[in-house]
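What follows is input-v2.pdb (PDB, C-alpha atoms).
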```
ATOM      1  CA  ILE A   1     -30.700 -75.899  28.115  1.00  0.00           C
ATOM      2  CA  HIS A   2     -33.726 -77.179  26.244  1.00  0.00           C
ATOM      3  CA  ARG A   3     -33.591 -79.818  23.479  1.00  0.00           C
ATOM      4  CA  GLY A   4     -29.866 -79.329  23.118  1.00  0.00           C
ATOM      5  CA  PHE A   5     -30.035 -75.541  22.760  1.00  0.00           C
ATOM      6  CA  GLY A   6     -28.337 -73.435  25.426  1.00  0.00           C
ATOM      7  CA  ASP A   7     -29.702 -70.003  26.253  1.00  0.00           C
ATOM      8  CA  LEU A   8     -26.736 -68.379  27.969  1.00  0.00           C
ATOM      9  CA  ARG A   9     -28.093 -64.847  27.992  1.00  0.00           C
ATOM     10  CA  PRO A  10     -28.016 -63.162  31.393  1.00  0.00           C
ATOM     11  CA  ALA A  11     -31.262 -62.948  33.345  1.00  0.00           C
ATOM     12  CA  PRO A  12     -33.818 -61.566  32.943  1.00  0.00           C
ATOM     13  CA  ARG A  13     -34.141 -63.130  29.490  1.00  0.00           C
ATOM     14  CA  ALA A  14     -36.449 -61.374  27.075  1.00  0.00           C
ATOM     15  CA  PRO A  15     -38.196 -63.404  24.369  1.00  0.00           C
ATOM     16  CA  PHE A  16     -36.182 -63.859  21.193  1.00  0.00           C
ATOM     17  CA  VAL A  17     -36.914 -61.285  18.527  1.00  0.00           C
ATOM     18  CA  THR A  18     -36.699 -62.532  14.957  1.00  0.00           C
ATOM     19  CA  ASP A  19     -35.612 -60.201  12.192  1.00  0.00           C
ATOM     20  CA  ASP A  20     -37.650 -61.407   9.219  1.00  0.00           C
ATOM     21  CA  ASP A  21     -35.200 -59.778   6.791  1.00  0.00           C
ATOM     22  CA  ALA A  22     -32.203 -61.749   8.092  1.00  0.00           C
ATOM     23  CA  ASP A  23     -32.647 -65.482   7.605  1.00  0.00           C
ATOM     24  CA  VAL A  24     -29.477 -66.720   9.279  1.00  0.00           C
ATOM     25  CA  THR A  25     -30.524 -70.306   8.759  1.00  0.00           C
ATOM     26  CA  ALA A  26     -31.053 -70.029   4.985  1.00  0.00           C
ATOM     27  CA  ALA A  27     -29.471 -72.809   2.982  1.00  0.00           C
ATOM     28  CA  LEU A  28     -26.249 -72.060   1.160  1.00  0.00           C
ATOM     29  CA  ASP A  29     -26.624 -71.439  -2.544  1.00  0.00           C
ATOM     30  CA  GLU A  30     -24.590 -73.399  -5.108  1.00  0.00           C
ATOM     31  CA  ALA A  31     -21.735 -70.865  -5.243  1.00  0.00           C
ATOM     32  CA  GLU A  32     -21.503 -70.780  -1.433  1.00  0.00           C
ATOM     33  CA  ARG A  33     -21.429 -74.588  -1.233  1.00  0.00           C
ATOM     34  CA  ALA A  34     -18.485 -74.543  -3.649  1.00  0.00           C
ATOM     35  CA  GLU A  35     -16.735 -71.924  -1.468  1.00  0.00           C
ATOM     36  CA  ALA A  36     -17.290 -74.016   1.672  1.00  0.00           C
ATOM     37  CA  VAL A  37     -14.302 -76.210   0.822  1.00  0.00           C
ATOM     38  CA  LEU A  38     -12.069 -73.137   1.292  1.00  0.00           C
ATOM     39  CA  LEU A  39     -13.300 -72.249   4.780  1.00  0.00           C
ATOM     40  CA  PRO A  40     -11.240 -74.811   6.717  1.00  0.00           C
ATOM     41  CA  ALA A  41      -8.066 -73.463   5.115  1.00  0.00           C
ATOM     42  CA  LEU A  42      -9.079 -69.854   5.780  1.00  0.00           C
ATOM     43  CA  LEU A  43      -9.777 -70.740   9.406  1.00  0.00           C
ATOM     44  CA  GLY A  44      -6.528 -72.724   9.649  1.00  0.00           C
ATOM     45  CA  LEU A  45      -8.326 -75.974  10.447  1.00  0.00           C
ATOM     46  CA  SER A  46      -7.311 -79.422   9.275  1.00  0.00           C
ATOM     47  CA  SER A  47      -8.305 -81.945  11.914  1.00  0.00           C
ATOM     48  CA  GLY A  48      -8.086 -82.658  15.573  1.00  0.00           C
ATOM     49  CA  PRO A  49     -10.037 -81.691  18.626  1.00  0.00           C
ATOM     50  CA  GLY A  50     -11.084 -78.170  19.345  1.00  0.00           C
ATOM     51  CA  HIS A  51     -13.965 -75.787  18.884  1.00  0.00           C
ATOM     52  CA  THR A  52     -14.727 -73.406  16.056  1.00  0.00           C
ATOM     53  CA  VAL A  53     -17.310 -70.719  16.784  1.00  0.00           C
ATOM     54  CA  LEU A  54     -19.771 -69.356  14.214  1.00  0.00           C
ATOM     55  CA  VAL A  55     -21.759 -66.257  15.185  1.00  0.00           C
ATOM     56  CA  GLY A  56     -24.985 -64.852  13.733  1.00  0.00           C
ATOM     57  CA  ARG A  57     -25.370 -65.184   9.984  1.00  0.00           C
ATOM     58  CA  ALA A  58     -22.210 -67.351   9.872  1.00  0.00           C
ATOM     59  CA  VAL A  59     -24.111 -70.272  11.443  1.00  0.00           C
ATOM     60  CA  ARG A  60     -25.366 -71.014   7.893  1.00  0.00           C
ATOM     61  CA  TRP A  61     -21.930 -72.476   7.201  1.00  0.00           C
ATOM     62  CA  VAL A  62     -21.777 -74.917  10.123  1.00  0.00           C
ATOM     63  CA  HIS A  63     -23.026 -78.045   8.345  1.00  0.00           C
ATOM     64  CA  ALA A  64     -20.785 -77.416   5.320  1.00  0.00           C
ATOM     65  CA  LEU A  65     -17.798 -77.056   7.657  1.00  0.00           C
ATOM     66  CA  ARG A  66     -18.813 -80.176   9.543  1.00  0.00           C
ATOM     67  CA  ALA A  67     -18.892 -82.081   6.240  1.00  0.00           C
ATOM     68  CA  GLU A  68     -15.408 -80.808   5.349  1.00  0.00           C
ATOM     69  CA  LEU A  69     -13.958 -81.662   8.775  1.00  0.00           C
ATOM     70  CA  PRO A  70     -15.469 -84.935   9.947  1.00  0.00           C
ATOM     71  CA  GLY A  71     -14.271 -86.638  13.076  1.00  0.00           C
ATOM     72  CA  ASP A  72     -13.547 -84.850  16.308  1.00  0.00           C
ATOM     73  CA  ALA A  73     -13.911 -81.254  15.081  1.00  0.00           C
ATOM     74  CA  GLU A  74     -16.546 -79.423  17.133  1.00  0.00           C
ATOM     75  CA  PHE A  75     -18.554 -76.370  16.145  1.00  0.00           C
ATOM     76  CA  VAL A  76     -20.540 -73.884  18.197  1.00  0.00           C
ATOM     77  CA  ALA A  77     -23.367 -72.115  16.342  1.00  0.00           C
ATOM     78  CA  ILE A  78     -24.361 -68.948  18.202  1.00  0.00           C
ATOM     79  CA  ASP A  79     -27.672 -67.518  17.071  1.00  0.00           C
ATOM     80  CA  PRO A  80     -31.164 -67.688  18.599  1.00  0.00           C
ATOM     81  CA  GLU A  81     -32.591 -69.216  15.417  1.00  0.00           C
ATOM     82  CA  THR A  82     -30.529 -72.369  15.928  1.00  0.00           C
ATOM     83  CA  ARG A  83     -32.947 -73.306  18.712  1.00  0.00           C
ATOM     84  CA  HIS A  84     -35.171 -74.665  15.916  1.00  0.00           C
ATOM     85  CA  TRP A  85     -32.454 -76.897  14.475  1.00  0.00           C
ATOM     86  CA  PRO A  86     -32.410 -80.608  15.286  1.00  0.00           C
ATOM     87  CA  GLU A  87     -29.493 -81.859  17.328  1.00  0.00           C
ATOM     88  CA  SER A  88     -26.475 -82.780  15.223  1.00  0.00           C
ATOM     89  CA  GLU A  89     -23.260 -84.539  16.206  1.00  0.00           C
ATOM     90  CA  GLY A  90     -20.369 -82.117  16.539  1.00  0.00           C
ATOM     91  CA  VAL A  91     -22.582 -79.016  16.577  1.00  0.00           C
ATOM     92  CA  SER A  92     -23.554 -77.144  19.737  1.00  0.00           C
ATOM     93  CA  ARG A  93     -26.276 -74.486  19.470  1.00  0.00           C
ATOM     94  CA  MET A  94     -26.726 -71.504  21.746  1.00  0.00           C
ATOM     95  CA  ALA A  95     -27.661 -67.882  22.278  1.00  0.00           C
ATOM     96  CA  CYS A  96     -25.660 -65.508  24.448  1.00  0.00           C
ATOM     97  CA  GLY A  97     -25.425 -61.876  25.417  1.00  0.00           C
ATOM     98  CA  GLU A  98     -23.022 -59.286  24.004  1.00  0.00           C
ATOM     99  CA  GLY A  99     -19.914 -61.214  25.019  1.00  0.00           C
ATOM    100  CA  LEU A 100     -18.972 -64.661  23.766  1.00  0.00           C
ATOM    101  CA  PRO A 101     -18.949 -67.206  26.629  1.00  0.00           C
ATOM    102  CA  PHE A 102     -15.439 -68.586  26.166  1.00  0.00           C
ATOM    103  CA  PHE A 103     -12.105 -68.129  27.903  1.00  0.00           C
ATOM    104  CA  ASP A 104      -9.507 -65.836  26.330  1.00  0.00           C
ATOM    105  CA  ARG A 105      -7.453 -67.497  23.595  1.00  0.00           C
ATOM    106  CA  SER A 106      -9.306 -70.822  23.843  1.00  0.00           C
ATOM    107  CA  ILE A 107     -11.023 -71.267  20.450  1.00  0.00           C
ATOM    108  CA  ARG A 108      -9.492 -72.709  17.259  1.00  0.00           C
ATOM    109  CA  GLY A 109     -11.323 -70.409  14.898  1.00  0.00           C
ATOM    110  CA  VAL A 110     -14.151 -67.883  14.678  1.00  0.00           C
ATOM    111  CA  LEU A 111     -16.314 -67.300  11.613  1.00  0.00           C
ATOM    112  CA  LEU A 112     -18.390 -64.140  11.168  1.00  0.00           C
ATOM    113  CA  ASP A 113     -20.403 -63.289   8.058  1.00  0.00           C
ATOM    114  CA  GLY A 114     -21.728 -60.091   6.570  1.00  0.00           C
ATOM    115  CA  PRO A 115     -21.382 -56.342   6.574  1.00  0.00           C
ATOM    116  CA  GLU A 116     -23.697 -56.098   9.611  1.00  0.00           C
ATOM    117  CA  VAL A 117     -21.181 -57.841  11.917  1.00  0.00           C
ATOM    118  CA  ALA A 118     -21.071 -55.866  15.154  1.00  0.00           C
ATOM    119  CA  ARG A 119     -17.852 -54.307  16.438  1.00  0.00           C
ATOM    120  CA  THR A 120     -18.484 -56.148  19.713  1.00  0.00           C
ATOM    121  CA  HIS A 121     -18.361 -59.506  17.933  1.00  0.00           C
ATOM    122  CA  LEU A 122     -15.112 -58.584  16.181  1.00  0.00           C
ATOM    123  CA  VAL A 123     -13.484 -57.638  19.491  1.00  0.00           C
ATOM    124  CA  GLU A 124     -14.840 -60.750  21.213  1.00  0.00           C
ATOM    125  CA  ALA A 125     -13.668 -62.986  18.344  1.00  0.00           C
ATOM    126  CA  ALA A 126     -10.156 -61.545  18.683  1.00  0.00           C
ATOM    127  CA  ARG A 127     -10.273 -62.146  22.445  1.00  0.00           C
ATOM    128  CA  ILE A 128     -11.239 -65.830  22.243  1.00  0.00           C
ATOM    129  CA  VAL A 129      -9.181 -67.025  19.275  1.00  0.00           C
ATOM    130  CA  ALA A 130      -6.193 -69.118  20.324  1.00  0.00           C
ATOM    131  CA  PRO A 131      -2.592 -68.496  19.274  1.00  0.00           C
ATOM    132  CA  ARG A 132      -1.844 -69.749  15.736  1.00  0.00           C
ATOM    133  CA  HIS A 133      -5.561 -69.680  14.855  1.00  0.00           C
ATOM    134  CA  ARG A 134      -7.779 -67.259  12.968  1.00  0.00           C
ATOM    135  CA  VAL A 135     -10.826 -65.071  12.874  1.00  0.00           C
ATOM    136  CA  VAL A 136     -12.443 -65.049   9.420  1.00  0.00           C
ATOM    137  CA  VAL A 137     -15.031 -62.472   8.373  1.00  0.00           C
ATOM    138  CA  LEU A 138     -16.930 -63.068   5.138  1.00  0.00           C
ATOM    139  CA  LYS A 139     -18.107 -59.884   3.397  1.00  0.00           C
ATOM    140  CA  PRO A 140     -16.448 -57.825   6.153  1.00  0.00           C
ATOM    141  CA  PRO A 141     -17.847 -54.483   7.255  1.00  0.00           C
ATOM    142  CA  SER A 142     -15.861 -51.337   6.678  1.00  0.00           C
ATOM    143  CA  GLY A 143     -13.197 -50.900   9.353  1.00  0.00           C
ATOM    144  CA  ALA A 144     -13.183 -54.559  10.457  1.00  0.00           C
ATOM    145  CA  ALA A 145      -9.460 -55.003   9.815  1.00  0.00           C
ATOM    146  CA  GLU A 146      -8.620 -52.029  12.014  1.00  0.00           C
ATOM    147  CA  VAL A 147     -10.818 -53.338  14.837  1.00  0.00           C
ATOM    148  CA  LEU A 148      -9.107 -56.748  14.734  1.00  0.00           C
ATOM    149  CA  GLN A 149      -5.650 -55.134  14.659  1.00  0.00           C
ATOM    150  CA  GLN A 150      -6.511 -52.932  17.644  1.00  0.00           C
ATOM    151  CA  ALA A 151      -7.724 -56.056  19.444  1.00  0.00           C
ATOM    152  CA  GLY A 152      -4.311 -57.686  19.038  1.00  0.00           C
ATOM    153  CA  LEU A 153      -4.558 -59.760  15.858  1.00  0.00           C
ATOM    154  CA  ARG A 154      -1.792 -59.323  13.360  1.00  0.00           C
ATOM    155  CA  ASP A 155      -1.461 -61.700  10.417  1.00  0.00           C
ATOM    156  CA  LEU A 156      -4.138 -59.884   8.362  1.00  0.00           C
ATOM    157  CA  ARG A 157      -5.218 -60.952   4.893  1.00  0.00           C
ATOM    158  CA  GLU A 158      -8.023 -58.931   3.358  1.00  0.00           C
ATOM    159  CA  THR A 159      -9.942 -58.896   0.101  1.00  0.00           C
ATOM    160  CA  GLU A 160     -13.293 -57.360  -0.692  1.00  0.00           C
ATOM    161  CA  ARG A 161     -14.960 -60.680   0.165  1.00  0.00           C
ATOM    162  CA  VAL A 162     -12.860 -62.111   3.021  1.00  0.00           C
ATOM    163  CA  LEU A 163     -10.869 -60.879   5.983  1.00  0.00           C
ATOM    164  CA  ALA A 164      -8.688 -63.352   7.892  1.00  0.00           C
ATOM    165  CA  ALA A 165      -6.650 -62.358  10.924  1.00  0.00           C
ATOM    166  CA  GLY A 166      -4.562 -64.496  13.245  1.00  0.00           C
ATOM    167  CA  ARG A 167      -2.793 -64.298  16.551  1.00  0.00           C
TER     168      ARG A 167
END
```
Rewrite the coordinates I just gave you, this time as structure tokens.
Amino acid sequence: IHRGFGDLRPAPRAPFVTDDDADVTAALDEAERAEAVLLPALLGLSSGPGHTVLVGRAVRWVHALRAELPGDAEFVAIDPETRHWPESEGVSRMACGEGLPFFDRSIRGVLLDGPEVARTHLVEAARIVAPRHRVVVLKPPSGAAEVLQQAGLRDLRETERVLAAGR
């Protein structure tokens, strides 16, 4: 852990590689900021303690979510680029390997974003989401709903822009 950023990748740790075409830390545009008020409902969050995990490109939404859910809501932003972010109350920043470093069924919600979301992250999101909570995928990749169903999530709601699945 260095300056509040946890590198939880297994040893030996290679240097971080930045994909210049994928700016996961880009600010939300005006339309996205307006949509941010819907994310807590999609994730099934209202208040109370617990952690919501955002992976990869989805970390862009963490500060908007934090603004919508002040208080004791906690967020975990998982992407190597978050190592450059300043520390912020209620937001943990980290990098990890293929798997997500959480116990099965222990997380209130998981947010993924974009058609490049890896199958591994979909399966891991389904593994860690707690009963009565959801995995939300913005701009889901083809086949994402089937992966989440095979991983044990049922309550599926899908549009072209959003996929939400719960346990």
Evaluate the PyMOL selection byres ((chain A and resi 58) around 9) against this structure - the residues, as an mmCIF file with C-alpha atoms, in the coordinates of the input, please.
```
data_model
loop_
_atom_site.group_PDB
_atom_site.id
_atom_site.type_symbol
_atom_site.label_atom_id
_atom_site.label_comp_id
_atom_site.auth_asym_id
_atom_site.auth_seq_id
_atom_site.Cartn_x
_atom_site.Cartn_y
_atom_site.Cartn_z
ATOM 1 C CA VAL A 24 -29.477 -66.720 9.279
ATOM 2 C CA THR A 25 -30.524 -70.306 8.759
ATOM 3 C CA LEU A 54 -19.771 -69.356 14.214
ATOM 4 C CA VAL A 55 -21.759 -66.257 15.185
ATOM 5 C CA GLY A 56 -24.985 -64.852 13.733
ATOM 6 C CA ARG A 57 -25.370 -65.184 9.984
ATOM 7 C CA VAL A 59 -24.111 -70.272 11.443
ATOM 8 C CA ARG A 60 -25.366 -71.014 7.893
ATOM 9 C CA TRP A 61 -21.930 -72.476 7.201
ATOM 10 C CA VAL A 62 -21.777 -74.917 10.123
ATOM 11 C CA ALA A 77 -23.367 -72.115 16.342
ATOM 12 C CA ILE A 78 -24.361 -68.948 18.202
ATOM 13 C CA LEU A 111 -16.314 -67.300 11.613
ATOM 14 C CA LEU A 112 -18.390 -64.140 11.168
ATOM 15 C CA ASP A 113 -20.403 -63.289 8.058
ATOM 16 C CA GLY A 114 -21.728 -60.091 6.570
ATOM 17 C CA VAL A 137 -15.031 -62.472 8.373
ATOM 18 C CA LEU A 138 -16.930 -63.068 5.138
#
```
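Minimum distance to Val162 of chain A across A:Gly50, A:Pro140, A:Gly90, A:Gly97 (counting all atoms listed in the file) occurs at A:Pro140.
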If you count only C-alpha atoms, which residues fall within 7 Å of Phe103 of chain A, apart from same-chain ones fewer than 2 positions away, as a list in words?
Arg105, Ser106 and Ile128 of chain A
I need the residue set behind the PyMOL selection byres ((chain A and resi 145-147) around 10) for this file; please write it as a PDB file with C-alpha atoms, keeping the file's coordinate frame.
```
ATOM      1  CA  ARG A 119     -17.852 -54.307  16.438  1.00  0.00           C
ATOM      2  CA  THR A 120     -18.484 -56.148  19.713  1.00  0.00           C
ATOM      3  CA  LEU A 122     -15.112 -58.584  16.181  1.00  0.00           C
ATOM      4  CA  VAL A 123     -13.484 -57.638  19.491  1.00  0.00           C
ATOM      5  CA  ALA A 126     -10.156 -61.545  18.683  1.00  0.00           C
ATOM      6  CA  VAL A 137     -15.031 -62.472   8.373  1.00  0.00           C
ATOM      7  CA  PRO A 140     -16.448 -57.825   6.153  1.00  0.00           C
ATOM      8  CA  PRO A 141     -17.847 -54.483   7.255  1.00  0.00           C
ATOM      9  CA  SER A 142     -15.861 -51.337   6.678  1.00  0.00           C
ATOM     10  CA  GLY A 143     -13.197 -50.900   9.353  1.00  0.00           C
ATOM     11  CA  ALA A 144     -13.183 -54.559  10.457  1.00  0.00           C
ATOM     12  CA  LEU A 148      -9.107 -56.748  14.734  1.00  0.00           C
ATOM     13  CA  GLN A 149      -5.650 -55.134  14.659  1.00  0.00           C
ATOM     14  CA  GLN A 150      -6.511 -52.932  17.644  1.00  0.00           C
ATOM     15  CA  ALA A 151      -7.724 -56.056  19.444  1.00  0.00           C
ATOM     16  CA  GLY A 152      -4.311 -57.686  19.038  1.00  0.00           C
ATOM     17  CA  LEU A 153      -4.558 -59.760  15.858  1.00  0.00           C
ATOM     18  CA  ARG A 154      -1.792 -59.323  13.360  1.00  0.00           C
ATOM     19  CA  LEU A 156      -4.138 -59.884   8.362  1.00  0.00           C
ATOM     20  CA  ARG A 157      -5.218 -60.952   4.893  1.00  0.00           C
ATOM     21  CA  GLU A 158      -8.023 -58.931   3.358  1.00  0.00           C
ATOM     22  CA  LEU A 163     -10.869 -60.879   5.983  1.00  0.00           C
ATOM     23  CA  ALA A 164      -8.688 -63.352   7.892  1.00  0.00           C
ATOM     24  CA  ALA A 165      -6.650 -62.358  10.924  1.00  0.00           C
TER      25      ALA A 165
END
```
If I take atom CA of Arg134 of chain A and atom CA of Arg33 of chain A, how far is one from the other in Å, to one decimal?
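That distance, rounded to one decimal, is 21.0 Å.
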List the neighbours of Ala64 of chain A out to 12 Å using only C-alpha atoms; skip same-chain residues closer than 2 positions along the sequence, and give me the result as a list in words.
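Surrounding residues, per the criterion: Ala27, Leu28, Asp29, Glu30, Glu32, Arg33, Ala34, Glu35, Ala36, Val37, Leu38, Leu39, Pro40, Ala58, Val59, Arg60, Trp61, Val62, Arg66, Ala67, Glu68, Leu69, Pro70, Phe75 and Val91 of chain A.
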Result set of the PyMOL selection byres ((chain A and resi 2) around 12) on the coordinates above, as an MDAnalysis selection string
chainID A and resid 1 3:8 82:87 93:95
When you draw a straight line from atom CA of Gly109 of chain A to atom CA of Ala14 of chain A, how long is it in Å?
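One can read the atom CA of Gly109 of chain A to atom CA of Ala14 of chain A distance as 29.3 Å.
Relative to atom CA of Ala125 of chain A, atom CA of Leu43 of chain A is found at 12.5 Å.
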Mind checking which residues fall within 8 Å of His51 of chain A, counting all atoms listed in the file, ignoring those fewer than 2 positions away in the same chain, and posting them as number ranges by chain?
A: 49, 53, 73-76, 107-109
Quick one: of A:His121, A:Glu116, A:Arg167, A:Pro12, who's nearest to Pro101 of chain A, counting all atoms listed in the file?
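Selected residue with least distance to Pro101 of chain A: A:His121.
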From the structure just shown, export segment 103-130 of chain A with C-alpha atoms as a PDB file, in the first residue's frame.
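That gives us result.pdb:
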```
ATOM      1  CA  PHE A 103     -15.198 -13.237  -0.102  1.00  0.00           C
ATOM      2  CA  ASP A 104     -18.090 -14.923  -1.912  1.00  0.00           C
ATOM      3  CA  ARG A 105     -21.398 -13.082  -1.563  1.00  0.00           C
ATOM      4  CA  SER A 106     -19.914 -10.243   0.507  1.00  0.00           C
ATOM      5  CA  ILE A 107     -20.353  -7.102  -1.638  1.00  0.00           C
ATOM      6  CA  ARG A 108     -23.460  -4.890  -1.882  1.00  0.00           C
ATOM      7  CA  GLY A 109     -23.076  -4.117  -5.554  1.00  0.00           C
ATOM      8  CA  VAL A 110     -20.678  -4.361  -8.489  1.00  0.00           C
ATOM      9  CA  LEU A 111     -20.504  -1.891 -11.367  1.00  0.00           C
ATOM     10  CA  LEU A 112     -18.820  -2.745 -14.672  1.00  0.00           C
ATOM     11  CA  ASP A 113     -18.779  -0.490 -17.732  1.00  0.00           C
ATOM     12  CA  GLY A 114     -18.289  -1.064 -21.423  1.00  0.00           C
ATOM     13  CA  PRO A 115     -18.350  -3.659 -24.150  1.00  0.00           C
ATOM     14  CA  GLU A 116     -14.745  -4.648 -23.335  1.00  0.00           C
ATOM     15  CA  VAL A 117     -15.698  -6.056 -19.900  1.00  0.00           C
ATOM     16  CA  ALA A 118     -13.906  -9.377 -19.512  1.00  0.00           C
ATOM     17  CA  ARG A 119     -15.805 -12.618 -18.937  1.00  0.00           C
ATOM     18  CA  THR A 120     -13.603 -13.149 -15.875  1.00  0.00           C
ATOM     19  CA  HIS A 121     -14.878  -9.927 -14.309  1.00  0.00           C
ATOM     20  CA  LEU A 122     -18.494 -10.903 -14.976  1.00  0.00           C
ATOM     21  CA  VAL A 123     -17.995 -14.279 -13.286  1.00  0.00           C
ATOM     22  CA  GLU A 124     -16.111 -12.706 -10.377  1.00  0.00           C
ATOM     23  CA  ALA A 125     -18.789 -10.014  -9.950  1.00  0.00           C
ATOM     24  CA  ALA A 126     -21.454 -12.729  -9.733  1.00  0.00           C
ATOM     25  CA  ARG A 127     -19.343 -14.595  -7.167  1.00  0.00           C
ATOM     26  CA  ILE A 128     -18.867 -11.644  -4.800  1.00  0.00           C
ATOM     27  CA  VAL A 129     -22.278  -9.963  -4.937  1.00  0.00           C
ATOM     28  CA  ALA A 130     -24.332 -10.582  -1.805  1.00  0.00           C
TER      29      ALA A 130
END
```
